[in-house]
Each structure stands twice: as structure tokens, then as C-alpha cells.
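**Student:** Have a look at this one.
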Amino acid sequence: MITEICFEDVLLESAKEVFETMIYMSVEQCPDCITVEGETLLGSITFTGSIEGCMAICCDKDCAKTIACNMLAMEGDDGISQDEIRDAVGEIANMLLGSLKASLLKKNVGNLDVSIPCVVSGRELTSSLGEGSVEIIMPIYIDESVAELILQYRIAK
Amino acid sequence: MAKSLLLVDDSATMRKIILRTLRMAGLDIDSFEEAGDGNEALEKLKDKPVDIILCDINMPGMGGLEMVKEVRKMDSCADTKIVMISTESAEELIEGVLADGANGYVTKPFTPESIQENLSPFMN
């Protein structure tokens with residue numbers, strides 16, 4: 001039996017676990033409806049199982065660079081490459097979904113098969129799962145930077 | 001006694017994080033090789049077997065589950081310990097890969113403590 005799930009809570013707890021354990025950065029939910037603007041990176045990963053969908057993190061380039069530098073324990077951000085930043089954002093998406101999956105397993109959702117993460121950059125990036133899907137967009141503070149956690153899902157046919 | 005290690009993960013960033021965490025955990029590693037997937041890892045192992053392999057599961061090319069089976073066919077790696085490091089946490093999958101020949105399993109996100117706990121049995 002699938003117990004009632006508050007996906008917002010699970011999403012936030014997953015982000016806290018990943019950022020605080022592995023990247024040494026704090027995560028708090030934004031009290032206001034702030035959106036990420038300008039040049040952004042979107043790291044996403046898809047999943048299939050009893051539910052199917054996509055999980056993503058979207059942040060601006062400065063935030064992505066800060067996250068990557070923290071992941072790599074770099075003092076300054078001058079030496080970091082665009083490839084390293086993209087790789088870091090993809091790995092964040094991978095770990096977020098891993099943590100989310102572990103929480104959902106405990107709630108009897110069953111195992112989910114996941115894809116390899118994908119990272120794109122651009123302006124006003126969006127992803128869509130089509131009709132019948134639920135979308136949660138949660139703005140968060142990662143230290144002082146703003147990012148969005150995005151979860152789109154639907155019950156598999 | 002210092003050990004040789006092969007780290008297999010398609011993310012270069014994750015390989016650096018794992019290496020940093022191994023140092024933070026105080027584990028005695030004297031030589032360190034990297035591979036981006038199972039195929040590259042098997043090529044490296046043909047030339048130079050190692051004491052410990054740390055391996056991701058979901059990778060493009062040859063993934064970790066297949067790689068474990070292939071390594072266990074190699075006589076030169078009979079004594080090699082394989083520890084999986086993955087975001088996958090389903091019990092069935094973990095039990096399956098341990099049955100196929102892996103010796104340990106660490107879930108991401110991980111801490112220096114969880115890495116030390118899982119690798120220290122293979123450091124002596």
C-alpha cells in the first residue's frame with residue numbers, strides 16, 4: 001500500500017541531505033515565490049516505475065559555479081571549467097533523485113529505474129511531462145543563492 | 001598496509017569528491033587510478049590489477065552491475081575487493097550485486113564516516 005506522500009517535504013529533505021552531507025552548503029525553502037532568471041543551468045534526470053517523471057534543479061550560472069567549487073573543495077572559482085560546472089550540476093540531480101528514491105522506497109512506492117542525468121543551459125528553461133502530470137516547483141536558498149527544485153510525475157499506465 | 005585503488009564513475013566531479021572523502025576518512029591509499037565506465041576499468045585492470053575497486057552503478061557504456069560480473073571472471077582480480085558507490089538504495093539491487101561478487105555497498109550521499117566504515121574491513 002502506498003502511504004500518503006507529501007512530495008514537497010520529501011523534495012526538501014532530499015535537497016538538505018545532499019547539500020549538507022556532500023557539498024557543505026545549507027538549504028532552506030524560500031518563503032516567497034522567487035524565480036531563477038537570466039542564464040541558467042538545468043540539471044535533470046528521469047525515472048520510471050509505479051510513478052514516472054522527471055526531477056530537476058535549475059540555478060543561475062553563478063550559483064552553479066559556487067556549488068561546483070564547493071563540491072570540488074576549490075578555494076576560488078577562477079580555475080573551474082564549464083565542463084566541471086555542468087558535470088557537478090548533473091551529479092547534483094543524480095544524487096537528489098537517489099535521495100528522493102530512498103525516501104519513496106520507505107513509503108512503499110517501489111523501486112524506480114533512473115536515467116543518466118542531463119544538463120542544458122539557456123534562458124527561461126522549462127521541461128514538460130505532458131497531460132495528467134503533477135508539477136512541483138520549489139524555490140530554495142542554497143546558502144545565499146536561489147535555485148529551483150522541480151519534480152514532475154504521474155502514475156504510470 | 002597501503003592499498004591500490006581503481007575508482008570507476010562517469011562523473012569526473014564525483015571521482016574528485018570520492019578521492020577527497022577517502023583522504024578525509026584517513027584511508028591508506030598509495031596508488032590511485034580512474035575510469036569513466038566499466039569498459040575502461042576492465043582495460044586498466046588487464047594491465048594492472050588493484051586491491052580495491054570503488055564503482056558506480058549507473059554509467060553510460062558498461063555499468064557497474066555488468067562490470068562486477070566481468071571482474072569476477074578475471075583470475076588476476078581474484079583477491080580484488082569491489083565496493084559499489086551509488087544513489088541506488090533498493091535492497092533487491094544491493095543483495096543482487098553482492099551475490100554477483102561485490103564486497104560492499106555505499107549509498108550516495110555519503111560521508112567520510114560511511115566510507116571509512118565500509119572500506120576499513122578491506123584495508124588490512
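Naming scheme: A, B, ... for chains in displayed order of the C-alpha cells; residues 1 onward per chain; ligands 1 onward as shown.
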Could you find all residues in chain B that DSSP calls alpha helix (DSSP H) from the backbone, and write them as a ChimeraX atom specification?
**Tutor:** /B:12-24,38-47,64-71,91-99,112-119
**Student:** Please identify all polymer residues within 10 Å of Phe32 of chain B, counting only C-alpha atoms, omitting same-chain residues fewer than 5 positions from it, and present them as a list in words.
**Tutor:**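 Skipping anything fewer than 5 positions along the chain leaves Lys3, Ser4, Leu5, Leu6, Leu7, Leu19, Val50, Ile52 and Ile53 of chain B.
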**Student:** Could you please select, counting only C-alpha atoms, the residues of chain A within 10 Å of chain B and state them as an MDAnalysis selection string?
**Tutor:** chainID A and resid 14 17:23 68 70:73 83:92 94:103 105:106 110:117
**Student:** Can you tell me which residues surround segment 124-131 of chain A at a distance of at most 10 Å, considering only C-alpha atoms, apart from same-chain residues fewer than 6 positions away, and format the answer as a count of residues only?
**Tutor:** 20
**Student:** How many Å separate atom CA of Ile137 of chain A from atom CA of Leu11 of chain A?
**Tutor:**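 Straight-line distance from atom CA of Ile137 of chain A to atom CA of Leu11 of chain A works out to 9.9 Å.
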**Student:** Enumerate the residues of segment 2-121 of chain B with a DSSP assignment of strand (DSSP E or B), computed from the backbone, and present them as a PyMOL selection string.
**Tutor:** chain B and resi 3-8+29-35+52-55+81-86+104-107
**Student:** Using only C-alpha atoms, please write the residues we just selected to a file, as a PDB file, in the first residue's frame.
**Tutor:**
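Once written, result_19.pdb looks like this:
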ATOM      1  CA  LYS B   3      46.339  -0.254  -0.933  1.00  0.00           C
ATOM      2  CA  SER B   4      45.953   0.407  -4.651  1.00  0.00           C
ATOM      3  CA  LEU B   5      42.562   1.632  -5.784  1.00  0.00           C
ATOM      4  CA  LEU B   6      40.579   1.977  -9.014  1.00  0.00           C
ATOM      5  CA  LEU B   7      37.715   4.463  -8.967  1.00  0.00           C
ATOM      6  CA  VAL B   8      35.014   3.940 -11.633  1.00  0.00           C
ATOM      7  CA  ILE B  29      45.765   4.545  -0.447  1.00  0.00           C
ATOM      8  CA  ASP B  30      49.158   4.513  -2.176  1.00  0.00           C
ATOM      9  CA  SER B  31      48.138   4.357  -5.833  1.00  0.00           C
ATOM     10  CA  PHE B  32      45.004   5.587  -7.492  1.00  0.00           C
ATOM     11  CA  GLU B  33      43.562   5.016 -10.981  1.00  0.00           C
ATOM     12  CA  GLU B  34      40.357   6.354 -12.544  1.00  0.00           C
ATOM     13  CA  ALA B  35      37.949   5.063 -15.187  1.00  0.00           C
ATOM     14  CA  ILE B  52      40.142  -2.249  -4.190  1.00  0.00           C
ATOM     15  CA  ILE B  53      37.651  -1.061  -6.833  1.00  0.00           C
ATOM     16  CA  LEU B  54      35.121   1.634  -5.977  1.00  0.00           C
ATOM     17  CA  CYS B  55      32.410   1.563  -8.629  1.00  0.00           C
ATOM     18  CA  LYS B  81      37.623  -6.159  -3.275  1.00  0.00           C
ATOM     19  CA  ILE B  82      34.787  -4.338  -5.035  1.00  0.00           C
ATOM     20  CA  VAL B  83      32.748  -1.703  -3.212  1.00  0.00           C
ATOM     21  CA  MET B  84      29.805  -0.139  -5.048  1.00  0.00           C
ATOM     22  CA  ILE B  85      29.063   3.577  -4.564  1.00  0.00           C
ATOM     23  CA  SER B  86      25.663   4.540  -5.907  1.00  0.00           C
ATOM     24  CA  GLY B 104      30.498  -3.791  -0.055  1.00  0.00           C
ATOM     25  CA  TYR B 105      27.977  -1.072  -0.837  1.00  0.00           C
ATOM     26  CA  VAL B 106      27.943   2.655  -0.034  1.00  0.00           C
ATOM     27  CA  THR B 107      24.948   4.836  -0.896  1.00  0.00           C
TER      28      THR B 107
END
**Student:** To one decimal place, how far is atom CA of Ile57 of chain B from atom CA of Lys16 of chain A in Å?
**Tutor:**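 Here the two named atoms are 23.3 Å from each other.
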**Student:** Excluding Glu70 of chain B and residues on its chain fewer than 3 positions from it, collect all residues at most 12 Å away from it, counting only C-alpha atoms, and give them as a PyMOL selection string.
**Tutor:** chain B and resi 38-39+41-43+45-46+62-67+73-78+82+100-102
**Student:** Find the residue from A:Val134, A:Ala156, A:Val146, A:Cys118 that sits nearest to Pro31 of chain A; use only C-alpha atoms when measuring.
**Tutor:**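 So, comparing all the options, the nearest one is A:Val146.
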**Student:** Name all residues at most 10 Å from Ile5 of chain A (count only C-alpha atoms; drop same-chain ones fewer than 5 positions away) and give them as a PyMOL selection string.
**Tutor:** chain A and resi 10+103-104+107+109
**Student:** Quick check, in Å to one decimal: how far apart do atom CA of Asp47 of chain B and atom CA of Val68 of chain B lie?
**Tutor:**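 Here the two named atoms are 17.3 Å from each other.
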**Student:** Using only C-alpha atoms, which residue out of B:Asn103, B:Gly96, B:Gly36, B:Asn124 lies closest to Gly61 of chain B?
**Tutor:**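 Of B:Asn103, B:Gly96, B:Gly36, B:Asn124, the one nearest Gly61 of chain B, counting only C-alpha atoms, is B:Gly36.
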**Student:** From the options A:Val120, A:Phe47, A:Asn108, A:Ile155, which residue's atoms come nearest to Gly132 of chain A, counting only C-alpha atoms?
**Tutor:**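 With only C-alpha atoms as the atom set, the closest residue is A:Ile155.
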